[in-house]
Structure formats: C-alpha cells, structure tokens
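Heads up, final_2.json below (JSON, C-alpha atoms):
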```
[["chain", "number", "residue", "atom", "x", "y", "z"],
["A", 1, "MET", "CA", -138.65, 15.09, 7.49],
["A", 2, "LEU", "CA", -138.12, 18.20, 5.39],
["A", 3, "VAL", "CA", -139.28, 21.56, 6.74],
["A", 4, "PHE", "CA", -139.68, 24.60, 4.50],
["A", 5, "SER", "CA", -139.56, 28.14, 5.89],
["A", 6, "VAL", "CA", -142.62, 30.20, 4.97],
["A", 7, "VAL", "CA", -144.17, 32.09, 7.84],
["A", 8, "GLY", "CA", -145.85, 35.46, 8.07],
["A", 9, "GLY", "CA", -143.42, 38.22, 8.98],
["A", 10, "HIS", "CA", -140.40, 36.10, 8.05],
["A", 11, "ASN", "CA", -139.70, 38.31, 5.02],
["A", 12, "ALA", "CA", -139.09, 41.38, 7.20],
["A", 13, "ALA", "CA", -136.57, 39.58, 9.41],
["A", 14, "LEU", "CA", -134.68, 38.23, 6.40],
["A", 15, "ARG", "CA", -134.68, 41.62, 4.68],
["A", 16, "LYS", "CA", -133.22, 43.21, 7.82],
["A", 17, "GLU", "CA", -130.51, 40.53, 7.99],
["A", 18, "ALA", "CA", -129.63, 41.14, 4.33],
["A", 19, "ALA", "CA", -129.39, 44.93, 4.70],
["A", 20, "GLY", "CA", -126.17, 46.32, 3.31],
["A", 21, "MET", "CA", -125.66, 43.37, 0.97],
["A", 22, "PRO", "CA", -125.91, 43.84, -2.82],
["A", 23, "ARG", "CA", -129.56, 43.21, -3.78],
["A", 24, "GLU", "CA", -128.92, 40.14, -5.95],
["A", 25, "ARG", "CA", -126.85, 38.47, -3.22],
["A", 26, "ALA", "CA", -129.42, 39.33, -0.55],
["A", 27, "GLU", "CA", -132.29, 37.89, -2.62],
["A", 28, "ARG", "CA", -130.27, 34.74, -3.30],
["A", 29, "ASN", "CA", -129.62, 34.25, 0.42],
["A", 30, "ILE", "CA", -133.25, 34.95, 1.34],
["A", 31, "ALA", "CA", -134.50, 32.45, -1.25],
["A", 32, "TRP", "CA", -131.91, 29.85, -0.19],
["A", 33, "THR", "CA", -133.13, 29.86, 3.41],
["A", 34, "ARG", "CA", -136.58, 28.83, 2.14],
["A", 35, "GLY", "CA", -135.30, 25.56, 0.73],
["A", 36, "ALA", "CA", -135.57, 22.57, 3.04],
["A", 37, "GLU", "CA", -132.47, 21.45, 4.90],
["A", 38, "VAL", "CA", -131.28, 17.91, 4.24],
["A", 39, "PRO", "CA", -130.16, 15.86, 7.26],
["A", 40, "ALA", "CA", -126.40, 15.12, 7.23],
["A", 41, "LEU", "CA", -125.68, 17.80, 4.58],
["A", 42, "ASP", "CA", -124.44, 21.34, 5.28],
["A", 43, "PRO", "CA", -127.48, 23.65, 4.85],
["A", 44, "GLY", "CA", -125.16, 26.43, 3.69],
["A", 45, "ASP", "CA", -124.21, 24.28, 0.70],
["A", 46, "TRP", "CA", -127.13, 21.90, 0.13],
["A", 47, "ARG", "CA", -130.94, 22.18, 0.25],
["A", 48, "VAL", "CA", -133.92, 20.77, -1.62],
["A", 49, "ASP", "CA", -136.72, 22.64, -3.32],
["A", 50, "HIS", "CA", -140.48, 22.08, -2.91],
["A", 51, "LEU", "CA", -140.33, 19.01, -5.19],
["A", 52, "CYS", "CA", -137.44, 17.45, -3.26],
["A", 53, "ARG", "CA", -134.81, 18.21, -5.91],
["A", 54, "LEU", "CA", -131.32, 18.60, -4.46],
["A", 55, "MET", "CA", -129.64, 21.99, -5.03],
["A", 56, "ARG", "CA", -126.09, 23.23, -4.33],
["A", 57, "TYR", "CA", -125.69, 26.88, -3.33],
["A", 58, "ALA", "CA", -122.59, 27.29, -5.52],
["A", 59, "ASP", "CA", -124.60, 26.21, -8.60],
["A", 60, "TYR", "CA", -126.93, 29.25, -8.52],
["A", 61, "ASN", "CA", -128.12, 30.13, -12.05],
["A", 62, "ASN", "CA", -126.02, 27.36, -13.61],
["A", 63, "ARG", "CA", -128.37, 25.43, -15.90],
["A", 64, "ASN", "CA", -125.56, 23.05, -16.87],
["A", 65, "ALA", "CA", -124.80, 21.95, -13.31],
["A", 66, "GLU", "CA", -126.41, 18.78, -11.98],
["A", 67, "PHE", "CA", -127.61, 20.67, -8.88],
["A", 68, "GLY", "CA", -128.25, 24.07, -10.51],
["A", 69, "TRP", "CA", -131.04, 26.28, -9.21],
["A", 70, "THR", "CA", -132.64, 29.68, -9.58],
["A", 71, "ILE", "CA", -135.12, 31.88, -7.73],
["A", 72, "ALA", "CA", -138.88, 31.77, -8.20],
["A", 73, "GLU", "CA", -141.31, 34.30, -6.78],
["A", 74, "VAL", "CA", -144.47, 32.65, -5.46],
["A", 75, "ALA", "CA", -147.62, 33.95, -3.80],
["A", 76, "VAL", "CA", -148.21, 32.60, -0.30],
["A", 77, "ALA", "CA", -151.32, 33.17, 1.78],
["A", 78, "ASP", "CA", -150.65, 35.00, 5.04],
["A", 79, "LEU", "CA", -151.27, 32.34, 7.68],
["A", 80, "ASP", "CA", -151.17, 34.92, 10.49],
["A", 81, "GLU", "CA", -154.02, 36.96, 9.00],
["A", 82, "PRO", "CA", -156.37, 34.68, 7.02],
["A", 83, "GLY", "CA", -158.31, 36.52, 4.36],
["A", 84, "GLU", "CA", -155.74, 39.34, 4.21],
["A", 85, "GLY", "CA", -154.41, 38.38, 0.78],
["A", 86, "THR", "CA", -151.09, 36.98, -0.25],
["A", 87, "GLU", "CA", -147.43, 37.79, 0.17],
["A", 88, "ARG", "CA", -144.82, 37.45, -2.59],
["A", 89, "VAL", "CA", -142.07, 35.10, -1.43],
["A", 90, "LEU", "CA", -138.74, 34.22, -3.03],
["A", 91, "ARG", "CA", -138.11, 30.46, -3.15],
["A", 92, "PRO", "CA", -135.24, 28.39, -4.53],
["A", 93, "VAL", "CA", -136.16, 26.05, -7.37],
["A", 94, "SER", "CA", -133.97, 23.46, -9.05],
["A", 95, "PHE", "CA", -133.65, 23.67, -12.82],
["A", 96, "ALA", "CA", -134.63, 19.97, -12.78],
["A", 97, "THR", "CA", -137.95, 20.98, -11.18],
["A", 98, "LEU", "CA", -138.93, 23.65, -13.69],
["A", 99, "GLY", "CA", -141.90, 22.29, -15.61],
["A", 100, "GLN", "CA", -142.29, 19.24, -13.33],
["A", 101, "THR", "CA", -144.98, 18.33, -10.79],
["A", 102, "GLY", "CA", -144.90, 15.99, -7.81],
["A", 103, "CYS", "CA", -142.08, 14.87, -5.56],
["A", 104, "THR", "CA", -139.96, 12.16, -7.17]]
```

Turn this file's structure into structure tokens for me.
Amino acid sequence: MLVFSVVGGHNAALRKEAAGMPRERAERNIAWTRGAEVPALDPGDWRVDHLCRLMRYADYNNRNAEFGWTIAEVAVADLDEPGEGTERVLRPVSFATLGQTGCT
C-alpha cells in the first residue's frame, strides 16, 4: 500500500525543518517527502508520484533520466477545516507522468 503525505498543517512543519537551507533545495526536499514510499526501497532515494511512477531523488529535473522528476504545485483542500479553501502544496511528479492520467 502506498501512502502519500498531504495533511493540514504539514507544510508549516516541513518549512521549519527546511529553515536555513537554500530555497530550491528546501522545496525539493519538501516535495520529495510527499511522494509515496516504496516498500524495500530507500525512501531517501526512491519514491513514486501520484500515478505510481517511480522516481529517483538524484534524477531531479533530469528529463533524460529514466526516473527523472520535477516539482508540481497543486491545490489541496484543507481537511482539518472543510470549507476554508485550499492550500498550495508542492508534490513530486515524474516526467513520465506529465500529460498522463491513471495509475499504470
């Protein structure tokens, strides 16, 4: 079972953890933690995006890599406060996923 991290208030905790890091690196790490961990693979190196595409951390922004990925900003409803609008969340997305729908 794959579990993705998107919970209300999670952004603040991740931003605090990334304090002092260069912004691009901090955003990359925040987005990476929102990919689903894959059993038997190191979550620091490997995760899958929302369409179950495998990504390798070292292949960030490498369109030519088999497991390349980038960051997407998505709107997520605040589950803690229904009706309070949406929160912008950074998520990892495989280049193989861009333009695709459904889990293959």

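The environment of A:Asn64 within 12 Å, counting only C-alpha atoms and disregarding residues fewer than 3 places along the same chain, consists of A:Asp59, A:Tyr60, A:Asn61, A:Phe67, A:Gly68, A:Trp69, A:Ser94, A:Phe95, A:Ala96.
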
- Query: Hey, can you check how far atom CA of A:Asn62 sits from atom CA of A:Val76?
  - Reply: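 Atom CA of A:Asn62 sits 26.4 Å away from atom CA of A:Val76.
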
- Message: Measuring between all atoms listed in the file, which one of A:Cys52, A:Thr86, A:Ala65, A:Tyr57 shows the shortest distance to A:Ala31?
- Response: A:Tyr57

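The nearest approach to A:Ala72 among the residues A:Val93, A:Trp32, A:Asp49, A:Met55, with all atoms listed in the file taken into account, belongs to A:Val93.
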
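Atom CA of A:Pro39 is positioned 21.9 Å from atom CA of A:Thr70.
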
- May I have the protein, DNA and RNA residues with an atom at most 10 Å from (-127.8, 24.1, 2.0), counting all atoms listed in the file in the file's coordinates, returned as a PyMOL selection string? chain A and resi 32-38+41-48+54-58

- Message: I need the residue nearest A:Ile71 from this list: A:Glu87, A:Arg23, A:Ala40, A:Arg28. Use all atoms listed in the file for the distance.
- Response: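 Smallest distance to A:Ile71 is found for A:Arg28.
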
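The gap separating atom CA of A:Glu73 from atom CA of A:Glu27 is 10.6 Å, in Å to one decimal.
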
- A:Val74 surroundings by all atoms listed in the file, 9 Å radius, close-in-sequence under 5 positions cut, as a ChimeraX atom specification: /A:87-91
